[in-house]
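J.: The structure file start_4.tsv (TSV, C-alpha atoms) is provided below.
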```tsv
chain	number	residue	atom	x	y	z
A	1	MET	CA	118.21	145.93	100.69
A	2	SER	CA	117.47	143.22	98.15
A	3	SER	CA	117.36	144.04	94.47
A	4	PRO	CA	114.58	142.93	92.09
A	5	SER	CA	116.98	140.40	90.58
A	6	ASP	CA	117.46	138.77	94.00
A	7	VAL	CA	113.72	138.45	94.43
A	8	THR	CA	113.20	136.83	91.04
A	9	SER	CA	116.20	134.52	91.36
A	10	GLN	CA	114.80	132.69	94.37
A	11	PRO	CA	111.94	130.96	92.48
A	12	ASP	CA	114.33	130.22	89.63
A	13	ASP	CA	116.75	128.51	92.01
A	14	GLU	CA	113.93	126.51	93.54
A	15	ASP	CA	112.65	125.39	90.14
A	16	ARG	CA	116.19	124.48	89.14
A	17	ARG	CA	116.63	122.28	92.21
A	18	TRP	CA	113.40	120.40	91.54
A	19	ALA	CA	114.26	120.02	87.86
A	20	GLU	CA	117.71	118.66	88.73
A	21	ALA	CA	116.25	116.15	91.19
A	22	THR	CA	113.75	115.01	88.56
A	23	HIS	CA	116.49	114.69	85.95
A	24	ARG	CA	118.63	112.61	88.31
A	25	ASP	CA	115.82	110.21	89.11
A	26	GLN	CA	114.85	109.82	85.46
A	27	HIS	CA	118.49	109.22	84.50
A	28	GLN	CA	118.80	106.59	87.23
A	29	LEU	CA	115.57	104.98	86.07
A	30	LYS	CA	116.84	104.79	82.50
A	31	HIS	CA	120.42	103.66	83.16
A	32	GLY	CA	120.09	101.93	86.53
A	33	ARG	CA	121.78	102.65	89.81
A	34	ARG	CA	125.52	102.76	90.15
A	35	VAL	CA	126.61	99.69	92.10
A	36	ARG	CA	129.77	99.98	94.17
A	37	GLY	CA	130.87	96.54	95.29
A	38	ILE	CA	128.12	93.94	95.47
A	39	SER	CA	124.45	94.22	94.56
A	40	ASN	CA	121.52	92.99	96.64
A	41	GLN	CA	120.67	90.40	94.00
A	42	LEU	CA	124.20	89.00	93.90
A	43	ALA	CA	124.43	88.96	97.71
A	44	LEU	CA	121.26	86.88	97.95
A	45	LEU	CA	122.47	84.55	95.20
A	46	LEU	CA	125.83	83.96	96.89
A	47	LEU	CA	124.12	83.38	100.23
A	48	VAL	CA	121.83	80.75	98.73
A	49	ILE	CA	124.74	79.06	96.92
A	50	LEU	CA	126.95	78.95	100.01
A	51	CYS	CA	124.37	77.93	102.60
A	52	GLY	CA	122.47	75.72	100.17
A	53	GLY	CA	125.68	73.86	99.36
A	54	LEU	CA	126.35	73.34	103.05
A	55	THR	CA	122.80	72.09	103.51
A	56	VAL	CA	123.11	69.54	100.70
A	57	THR	CA	126.51	68.41	101.99
A	58	ALA	CA	125.11	67.93	105.50
A	59	GLN	CA	122.36	65.68	104.15
A	60	ILE	CA	124.74	63.30	102.37
A	61	GLY	CA	124.48	59.86	103.92
A	62	THR	CA	121.16	60.51	105.66
A	63	ALA	CA	117.96	58.65	104.90
A	64	PHE	CA	116.14	60.05	101.87
A	65	THR	CA	112.82	60.88	103.49
A	66	PRO	CA	110.00	62.98	101.99
A	67	VAL	CA	111.10	65.90	104.18
A	68	VAL	CA	114.65	65.70	102.82
A	69	ALA	CA	113.32	65.50	99.27
A	70	LEU	CA	111.15	68.57	99.86
A	71	GLN	CA	114.13	70.37	101.33
A	72	PHE	CA	116.23	69.65	98.24
A	73	VAL	CA	113.42	70.87	95.99
A	74	ALA	CA	113.15	74.10	97.99
A	75	VAL	CA	116.92	74.67	97.80
A	76	ILE	CA	116.97	74.10	94.04
A	77	ALA	CA	113.94	76.35	93.53
A	78	GLY	CA	115.54	79.06	95.67
A	79	LEU	CA	118.75	78.82	93.66
A	80	ALA	CA	116.81	79.00	90.39
A	81	PHE	CA	114.88	82.10	91.44
A	82	THR	CA	117.89	83.98	92.81
A	83	THR	CA	119.96	83.12	89.73
A	84	HIS	CA	117.19	84.30	87.43
A	85	GLY	CA	116.72	87.46	89.48
A	86	TYR	CA	120.40	88.34	89.36
A	87	ARG	CA	120.84	87.61	85.65
A	88	LYS	CA	117.73	89.52	84.64
A	89	ALA	CA	118.60	92.51	86.83
A	90	LYS	CA	122.13	92.59	85.42
A	91	GLN	CA	120.95	92.37	81.81
A	92	THR	CA	118.43	95.19	82.31
A	93	SER	CA	120.70	97.39	84.49
A	94	ARG	CA	118.43	96.94	87.48
A	95	LEU	CA	120.95	95.79	90.08
A	96	LEU	CA	120.31	97.38	93.46
A	97	PRO	CA	123.41	98.41	95.43
A	98	GLN	CA	124.15	96.70	98.72
A	99	ILE	CA	126.20	99.72	99.77
A	100	PRO	CA	124.02	102.86	99.85
A	101	GLN	CA	124.78	105.63	97.41
A	102	PRO	CA	126.71	108.62	98.76
A	103	ARG	CA	124.26	111.32	99.78
A	104	ALA	CA	125.56	113.70	97.11
A	105	ASP	CA	124.80	111.16	94.34
A	106	ARG	CA	121.20	110.52	95.33
A	107	PRO	CA	118.42	111.90	93.14
A	108	LEU	CA	117.00	114.11	95.88
A	109	ALA	CA	120.37	115.60	96.84
A	110	PRO	CA	119.74	118.92	95.00
A	111	LEU	CA	116.70	119.62	97.18
A	112	LEU	CA	116.98	121.51	100.43
A	113	PRO	CA	116.27	119.54	103.64
A	114	SER	CA	112.97	121.37	104.06
A	115	GLU	CA	112.00	120.48	100.48
A	116	ARG	CA	112.84	116.81	101.03
A	117	ARG	CA	110.72	116.78	104.18
A	118	SER	CA	107.87	118.39	102.28
A	119	LEU	CA	108.21	115.81	99.51
A	120	ASN	CA	108.12	113.01	102.06
A	121	ARG	CA	104.91	114.42	103.55
A	122	GLN	CA	103.40	114.58	100.07
A	123	VAL	CA	104.27	110.93	99.48
A	124	HIS	CA	102.64	109.91	102.76
A	125	GLY	CA	99.54	111.99	102.09
A	126	SER	CA	99.93	114.41	104.98
A	127	GLU	CA	100.49	117.32	102.59
A	128	ALA	CA	98.90	118.22	99.28
A	129	VAL	CA	100.98	117.52	96.18
A	130	ALA	CA	102.71	120.71	95.05
A	131	PRO	CA	102.56	121.53	91.33
A	132	ARG	CA	106.35	121.66	90.95
A	133	ALA	CA	106.67	118.24	92.63
A	134	LYS	CA	104.32	116.37	90.30
A	135	THR	CA	106.91	115.38	87.69
A	136	LEU	CA	109.38	114.26	90.36
A	137	LEU	CA	106.73	112.26	92.21
A	138	ARG	CA	105.75	110.46	89.01
A	139	ALA	CA	109.40	109.61	88.40
A	140	LEU	CA	109.86	108.39	91.99
A	141	ALA	CA	106.75	106.22	91.73
A	142	LYS	CA	108.05	104.63	88.53
A	143	SER	CA	111.46	104.05	90.13
A	144	ALA	CA	109.86	102.36	93.13
A	145	GLU	CA	107.84	100.08	90.87
A	146	VAL	CA	110.87	99.12	88.77
A	147	ASN	CA	113.10	98.50	91.79
A	148	ASN	CA	110.50	96.34	93.52
A	149	ARG	CA	110.07	94.30	90.37
A	150	ALA	CA	113.85	93.92	90.05
A	151	ILE	CA	114.34	92.50	93.55
A	152	LEU	CA	111.20	90.31	93.64
A	153	PRO	CA	112.65	87.10	92.07
A	154	SER	CA	115.66	87.23	94.39
A	155	LEU	CA	113.43	87.66	97.44
A	156	VAL	CA	111.24	84.75	96.37
A	157	GLY	CA	114.33	82.58	95.99
A	158	PHE	CA	115.66	83.68	99.37
A	159	PHE	CA	112.41	82.83	101.14
A	160	LEU	CA	112.34	79.44	99.42
A	161	PHE	CA	115.85	78.84	100.69
A	162	LEU	CA	114.82	79.86	104.22
A	163	LEU	CA	111.87	77.48	103.95
A	164	SER	CA	114.25	74.65	103.08
A	165	GLN	CA	116.25	75.37	106.22
A	166	THR	CA	113.18	75.42	108.43
A	167	LEU	CA	112.18	71.99	107.12
A	168	PHE	CA	115.47	70.71	108.52
A	169	ILE	CA	115.17	72.57	111.84
A	170	GLY	CA	111.51	71.74	112.35
A	171	TRP	CA	108.53	73.53	113.84
A	172	PRO	CA	107.62	76.32	114.45
A	173	TRP	CA	110.17	77.86	112.09
A	174	PRO	CA	108.23	77.18	108.86
A	175	ILE	CA	105.32	79.15	110.29
A	176	LEU	CA	107.61	82.03	111.25
A	177	ILE	CA	109.15	82.17	107.77
A	178	ALA	CA	105.70	82.06	106.17
A	179	ALA	CA	104.58	84.87	108.49
A	180	SER	CA	107.65	86.92	107.53
A	181	ALA	CA	106.89	86.44	103.85
A	182	LEU	CA	103.30	87.52	104.49
A	183	VAL	CA	104.52	90.68	106.24
A	184	VAL	CA	106.70	91.51	103.23
A	185	LEU	CA	103.73	91.00	100.89
A	186	VAL	CA	101.50	93.23	103.01
A	187	MET	CA	104.14	95.97	103.16
A	188	SER	CA	104.61	95.75	99.39
A	189	ALA	CA	100.86	96.07	98.87
A	190	ILE	CA	100.73	99.11	101.17
A	191	GLU	CA	103.61	100.74	99.33
A	192	LYS	CA	101.97	100.04	95.97
A	193	ARG	CA	98.72	101.64	97.13
A	194	ARG	CA	100.62	104.64	98.44
A	195	TRP	CA	102.38	105.23	95.13
A	196	SER	CA	99.12	104.70	93.25
A	197	ARG	CA	97.57	107.45	95.36
A	198	VAL	CA	100.57	109.68	94.72
A	199	LEU	CA	100.29	109.09	90.97
A	200	ALA	CA	96.60	109.92	91.05
A	201	SER	CA	97.33	113.15	92.93
A	202	ALA	CA	100.16	114.06	90.57
A	203	GLU	CA	98.03	113.85	87.44
```
With the file now loaded, output its structure as structure tokens.

T.:
Amino acid sequence: MSSPSDVTSQPDDEDRRWAEATHRDQHQLKHGRRVRGISNQLALLLLVILCGGLTVTAQIGTAFTPVVALQFVAVIAGLAFTTHGYRKAKQTSRLLPQIPQPRADRPLAPLLPSERRSLNRQVHGSEAVAPRAKTLLRALAKSAEVNNRAILPSLVGFFLFLLSQTLFIGWPWPILIAASALVVLVMSAIEKRRWSRVLASAE
């Protein structure tokens, strides 16, 4: 037979889990994620430096045509964007880890599996926003916005680098790269609208 203290402790434990998850996400938003090894921004920068250097080396001695000139411009622009993205993210503690965080260190780790599933349904609009989840959802929306902004310059630089490679390979690769960039833009817009809806529901 359960005692009155057992009955009252269950809501307290649930509130404590949600409060801890919110605190973790807000702490991560303020201080940045812990990066073990290499960050996404640095990985993209190193990739552009390595492959871009090979591209420039391969073009030495070839005729300097308008296509080659455009390729060089795209490589330099890609390097500039990825360098800027990495430096800015490092200065503002917004580096995104290439290696995923251990499950126990993630902001939502304190929540039960059923609570995480419920939160996911609330984010996707298939379930009404619960009162105790509002603060956490606002924090998650802000984190998503900050992280997307932190990786954007590096992604722009990477796509510029890919464009430079397609100019060397030829058609139809430039169209495929442009289509891939368009897909990323559409997905980003969908995610932004989703979080805007979540924020409106969490007010």

J.: Could you check the closest approach to Pro97 in chain A for each of A:Thr55, A:Asn147, A:Thr82, A:Ser114 and tell me which residue wins, using all atoms listed in the file?

T.: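 Of the candidates, the smallest distance to Pro97 in chain A is held by A:Asn147.
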
J.: List as a ChimeraX atom specification the residues having at least one atom at most 12 Å from position (97.6, 117.5, 89.0) as given in the file, counting all atoms listed in the file.

T.: /A:128-135,137-138,197-203

J.: CA of Pro100 in chain A to CA of Leu163 in chain A: how many Å, to one decimal?

T.: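 If I compute the distance from CA of Pro100 in chain A to CA of Leu163 in chain A, I get 28.4 Å.
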
J.: Using only C-alpha atoms, which residue out of A:Ile175, A:Leu119, A:Leu46, A:Ala19 lies closest to Gly157 in chain A?

T.: A:Leu46

J.: Counting all atoms listed in the file, which residues of range 59-102 of chain A sit at most 9 Å from some atom of range 33-43 of chain A, and what is each one's closest atom pair with its distance in Å to one decimal, listed by chain and rising residue number, as a Markdown table?

T.:
```
| residue | atom | partner | partner_atom | distance |
| --- | --- | --- | --- | --- |
| A:Thr82 | CA | A:Gln41 | CA | 7.1 |
| A:Thr83 | CA | A:Leu42 | CA | 8.4 |
| A:Gly85 | CA | A:Gln41 | CA | 6.7 |
| A:Tyr86 | CA | A:Gln41 | CA | 5.1 |
| A:Arg87 | CA | A:Gln41 | CA | 8.8 |
| A:Ala89 | CA | A:Gln41 | CA | 7.8 |
| A:Lys90 | CA | A:Gln41 | CA | 9.0 |
| A:Ser93 | CA | A:Arg33 | CA | 7.6 |
| A:Arg94 | CA | A:Arg33 | CA | 7.0 |
| A:Leu95 | CA | A:Ser39 | CA | 5.9 |
| A:Leu96 | CA | A:Ser39 | CA | 5.3 |
| A:Pro97 | CA | A:Ser39 | CA | 4.4 |
| A:Gln98 | CA | A:Ser39 | CA | 4.9 |
| A:Ile99 | CA | A:Arg36 | CA | 6.6 |
| A:Pro100 | CA | A:Arg36 | CA | 8.6 |
| A:Gln101 | CA | A:Arg34 | CA | 7.8 |
```

J.: Write the residues of the preceding selection, restricted to C-alpha atoms, as a short mmCIF file (atom, residue, chain, number, x, y, z; two decimals), in the frame of the given file.

T.:
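And here is the file that came out, out28.cif:
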```cif
data_model
loop_
_atom_site.label_atom_id
_atom_site.label_comp_id
_atom_site.auth_asym_id
_atom_site.auth_seq_id
_atom_site.Cartn_x
_atom_site.Cartn_y
_atom_site.Cartn_z
CA THR A 82 117.89 83.98 92.81
CA THR A 83 119.96 83.12 89.73
CA GLY A 85 116.72 87.46 89.48
CA TYR A 86 120.40 88.34 89.36
CA ARG A 87 120.84 87.61 85.65
CA ALA A 89 118.60 92.51 86.83
CA LYS A 90 122.13 92.59 85.42
CA SER A 93 120.70 97.39 84.49
CA ARG A 94 118.43 96.94 87.48
CA LEU A 95 120.95 95.79 90.08
CA LEU A 96 120.31 97.38 93.46
CA PRO A 97 123.41 98.41 95.43
CA GLN A 98 124.15 96.70 98.72
CA ILE A 99 126.20 99.72 99.77
CA PRO A 100 124.02 102.86 99.85
CA GLN A 101 124.78 105.63 97.41
#
```

J.: For a test of reading the model, state the distance in Å between CA of Leu140 in chain A and CA of His124 in chain A, rounded to one decimal.

T.: 13.1 Å

J.: Would you mind telling me which residue in A:Leu44, A:Arg116, A:Pro110, A:Arg193 lies nearest to His84 in chain A when using only C-alpha atoms?

T.: A:Leu44

J.: Mind giving me the straight-line distance from CA of Val75 in chain A to CA of Phe161 in chain A in Å, one decimal?

T.: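 Computing it gives 5.2 Å between the two atoms.
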
J.: Select, from A:Pro102, A:Pro174, A:Pro107, A:Gly61, the residue with the minimum atom-to-atom distance to Phe159 in chain A, counting all atoms listed in the file.

T.: A:Pro174

J.: Of the candidates A:Thr166, A:Asn120, A:Ser196, A:Ser154, which one gets nearest to Gln71 in chain A if we count all atoms listed in the file?

T.: A:Thr166

J.: So, with only C-alpha atoms as the atoms that count, which of A:Leu70, A:Ala141, A:Ile60, A:Leu152 lies closest to Arg194 in chain A?

T.: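 Distance minimum relative to Arg194 in chain A lands on A:Ala141.
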
J.: Compile a residue-level contact table for range 93-170 of chain A against range 49-52 of chain A at a cut-off of 10 Å, reporting for every qualifying residue the shortest atom pair and its distance in Å to one decimal, with only C-alpha atoms counted, rows ordered by chain and ascending number, as CSV.

T.:
```
residue,atom,partner,partner_atom,distance
A:Phe161,CA,A:Gly52,CA,7.3
A:Leu162,CA,A:Gly52,CA,9.6
A:Ser164,CA,A:Gly52,CA,8.8
A:Gln165,CA,A:Gly52,CA,8.7
```
